[in-house]
Amino acid sequence: MSKILVAFATKNGSTEEVARAIAETLRRDGCVVDVRRARDVRQAVAGWDLVVLGAPIYSGRWHRDAHRFLKRHRDDFEVVPVAVFAMGPRSGDEEGWQRSRAQLDRALAKRGLLAYVAVAVFGGVDPSKQQHGERRDLRDWEAIRAWATGLPAFARPPG
Ligand SMILES: Cc1cc2nc3c(=O)[nH]c(=O)nc-3n(C[C@H](O)[C@H](O)[C@H](O)COP(=O)(O)O)c2cc1C
């Protein structure tokens, strides 16, 4: 049974909801899962067999708690596989997706030689209702759950 940590950063809550959906899928698939705010994880992450880290992009930058998390646990990631996702575009066009992916890639490049077993961008959510009461939400829950379903294959073998 794999032990998995799902760590997240958020400003307006949508990333937390995605983190919890990922955790739910992993549990359904038989994993033991902890969900934590990235900034609250102070102990070594070497006790988990896989770490999943998710955070939103704001103004071109991946949330700073995600950067700090990767820095703080850098040594553990030599033995613990890490998968990452970003919450990104609020416009559903191809250009928006590419821009968000490029922003995430730039953020990861800053962290140097860490290898990620999986990298994803999921559609973002407007922080508050627009004039006509609609809150644009580009999250594709099926795609999010499908991504989560593939993650246990990357976990460190138990023992
Ligand atoms: C002011 C603002 C700036 C944003 N800038 C970007 C951006 O540069 N790139 C991007 O991909 N998404 C951007 N987004 C979209 C957010 O990543 C998206 O709203 C996400 O769902 C927010 O996550 P949270 O609810 O967990 O805070 C921006 C959103 C806001 C409100």
# chains A, B, ... in the order shown; residues from 1 in each chain; ligands from 1
call {"tool": "residues_around", "arguments": {"residues": "Arg39 in chain A", "least_positions_apart": "5", "cutoff": "9 Å", "atoms": "only C-alpha atoms", "output": "list in words"}}
result
Ala7, Phe8, Ala9, Asp65, Ala66, Arg68 and Phe69 of chain A
call {"tool": "residues_near_ligand", "arguments": {"ligand": "ligand 1", "cutoff": "7 Å", "atoms": "only C-alpha atoms and all ligand atoms", "output": "PyMOL selection string"}}
result
chain A and resi 9-16+55-61+87-90+99-100+103+123-127
call {"tool": "write_last_selection", "arguments": {"atoms": "C-alpha atoms", "output": "PDB file, in the first residue's frame"}}
result
ATOM      1  CA  ALA A   9      -0.682  25.961  -1.989  1.00  0.00           C
ATOM      2  CA  THR A  10      -3.701  28.126  -2.708  1.00  0.00           C
ATOM      3  CA  LYS A  11      -4.927  31.676  -2.536  1.00  0.00           C
ATOM      4  CA  ASN A  12      -8.594  31.298  -3.355  1.00  0.00           C
ATOM      5  CA  GLY A  13      -9.258  27.632  -2.696  1.00  0.00           C
ATOM      6  CA  SER A  14      -9.556  26.064  -6.146  1.00  0.00           C
ATOM      7  CA  THR A  15      -6.187  24.288  -5.918  1.00  0.00           C
ATOM      8  CA  GLU A  16      -7.108  22.822  -2.569  1.00  0.00           C
ATOM      9  CA  ALA A  55      -0.113  25.228  -6.682  1.00  0.00           C
ATOM     10  CA  PRO A  56      -1.672  28.011  -8.745  1.00  0.00           C
ATOM     11  CA  ILE A  57       0.095  30.380 -11.097  1.00  0.00           C
ATOM     12  CA  TYR A  58      -0.486  34.090 -10.486  1.00  0.00           C
ATOM     13  CA  SER A  59       0.903  36.745 -12.812  1.00  0.00           C
ATOM     14  CA  GLY A  60       3.247  34.276 -14.447  1.00  0.00           C
ATOM     15  CA  ARG A  61       4.612  32.882 -11.207  1.00  0.00           C
ATOM     16  CA  MET A  87      -3.600  25.618 -11.776  1.00  0.00           C
ATOM     17  CA  GLY A  88      -3.433  27.831 -14.726  1.00  0.00           C
ATOM     18  CA  PRO A  89      -5.321  29.330 -17.510  1.00  0.00           C
ATOM     19  CA  ARG A  90      -8.604  31.088 -17.062  1.00  0.00           C
ATOM     20  CA  ARG A  99       1.376  30.098 -21.776  1.00  0.00           C
ATOM     21  CA  SER A 100       0.519  28.460 -18.447  1.00  0.00           C
ATOM     22  CA  GLN A 103       5.150  29.423 -16.932  1.00  0.00           C
ATOM     23  CA  GLY A 123      -7.649  24.849 -15.866  1.00  0.00           C
ATOM     24  CA  GLY A 124      -8.114  27.604 -13.342  1.00  0.00           C
ATOM     25  CA  VAL A 125     -11.046  29.228 -11.608  1.00  0.00           C
ATOM     26  CA  ASP A 126     -11.928  32.896 -11.369  1.00  0.00           C
ATOM     27  CA  PRO A 127     -11.461  34.071  -7.812  1.00  0.00           C
TER      28      PRO A 127
END
call {"tool": "atom_distance", "arguments": {"atom1": "CA of Leu114 in chain A", "atom2": "CA of Phe77 in chain A"}}
result
7.4 Å
call {"tool": "decode", "arguments": {"residues": "range 1-34 of chain A", "atoms": "C-alpha atoms", "output": "PDB file, in the first residue's frame"}}
result
ATOM      1  CA  MET A   1       0.000   0.000   0.000  1.00  0.00           C
ATOM      2  CA  SER A   2       1.624   3.265  -1.079  1.00  0.00           C
ATOM      3  CA  LYS A   3       1.791   6.213   1.299  1.00  0.00           C
ATOM      4  CA  ILE A   4       1.289   9.429  -0.614  1.00  0.00           C
ATOM      5  CA  LEU A   5       1.513  13.073   0.407  1.00  0.00           C
ATOM      6  CA  VAL A   6      -0.595  15.570  -1.521  1.00  0.00           C
ATOM      7  CA  ALA A   7       0.758  19.038  -0.710  1.00  0.00           C
ATOM      8  CA  PHE A   8      -0.835  22.194  -2.035  1.00  0.00           C
ATOM      9  CA  ALA A   9      -0.682  25.961  -1.989  1.00  0.00           C
ATOM     10  CA  THR A  10      -3.701  28.126  -2.708  1.00  0.00           C
ATOM     11  CA  LYS A  11      -4.927  31.676  -2.536  1.00  0.00           C
ATOM     12  CA  ASN A  12      -8.594  31.298  -3.355  1.00  0.00           C
ATOM     13  CA  GLY A  13      -9.258  27.632  -2.696  1.00  0.00           C
ATOM     14  CA  SER A  14      -9.556  26.064  -6.146  1.00  0.00           C
ATOM     15  CA  THR A  15      -6.187  24.288  -5.918  1.00  0.00           C
ATOM     16  CA  GLU A  16      -7.108  22.822  -2.569  1.00  0.00           C
ATOM     17  CA  GLU A  17     -10.266  21.353  -4.085  1.00  0.00           C
ATOM     18  CA  VAL A  18      -8.202  19.759  -6.842  1.00  0.00           C
ATOM     19  CA  ALA A  19      -5.691  18.420  -4.301  1.00  0.00           C
ATOM     20  CA  ARG A  20      -8.552  16.855  -2.338  1.00  0.00           C
ATOM     21  CA  ALA A  21     -10.054  15.296  -5.474  1.00  0.00           C
ATOM     22  CA  ILE A  22      -6.658  13.794  -6.324  1.00  0.00           C
ATOM     23  CA  ALA A  23      -6.367  12.448  -2.773  1.00  0.00           C
ATOM     24  CA  GLU A  24      -9.850  10.956  -3.002  1.00  0.00           C
ATOM     25  CA  THR A  25      -8.980   9.143  -6.229  1.00  0.00           C
ATOM     26  CA  LEU A  26      -5.740   7.813  -4.738  1.00  0.00           C
ATOM     27  CA  ARG A  27      -7.560   6.542  -1.649  1.00  0.00           C
ATOM     28  CA  ARG A  28     -10.170   4.851  -3.789  1.00  0.00           C
ATOM     29  CA  ASP A  29      -7.289   3.112  -5.541  1.00  0.00           C
ATOM     30  CA  GLY A  30      -5.998   1.778  -2.216  1.00  0.00           C
ATOM     31  CA  CYS A  31      -3.335   4.325  -1.248  1.00  0.00           C
ATOM     32  CA  VAL A  32      -2.877   5.870   2.170  1.00  0.00           C
ATOM     33  CA  VAL A  33      -2.996   9.610   1.572  1.00  0.00           C
ATOM     34  CA  ASP A  34      -2.202  12.714   3.596  1.00  0.00           C
TER      35      ASP A  34
END
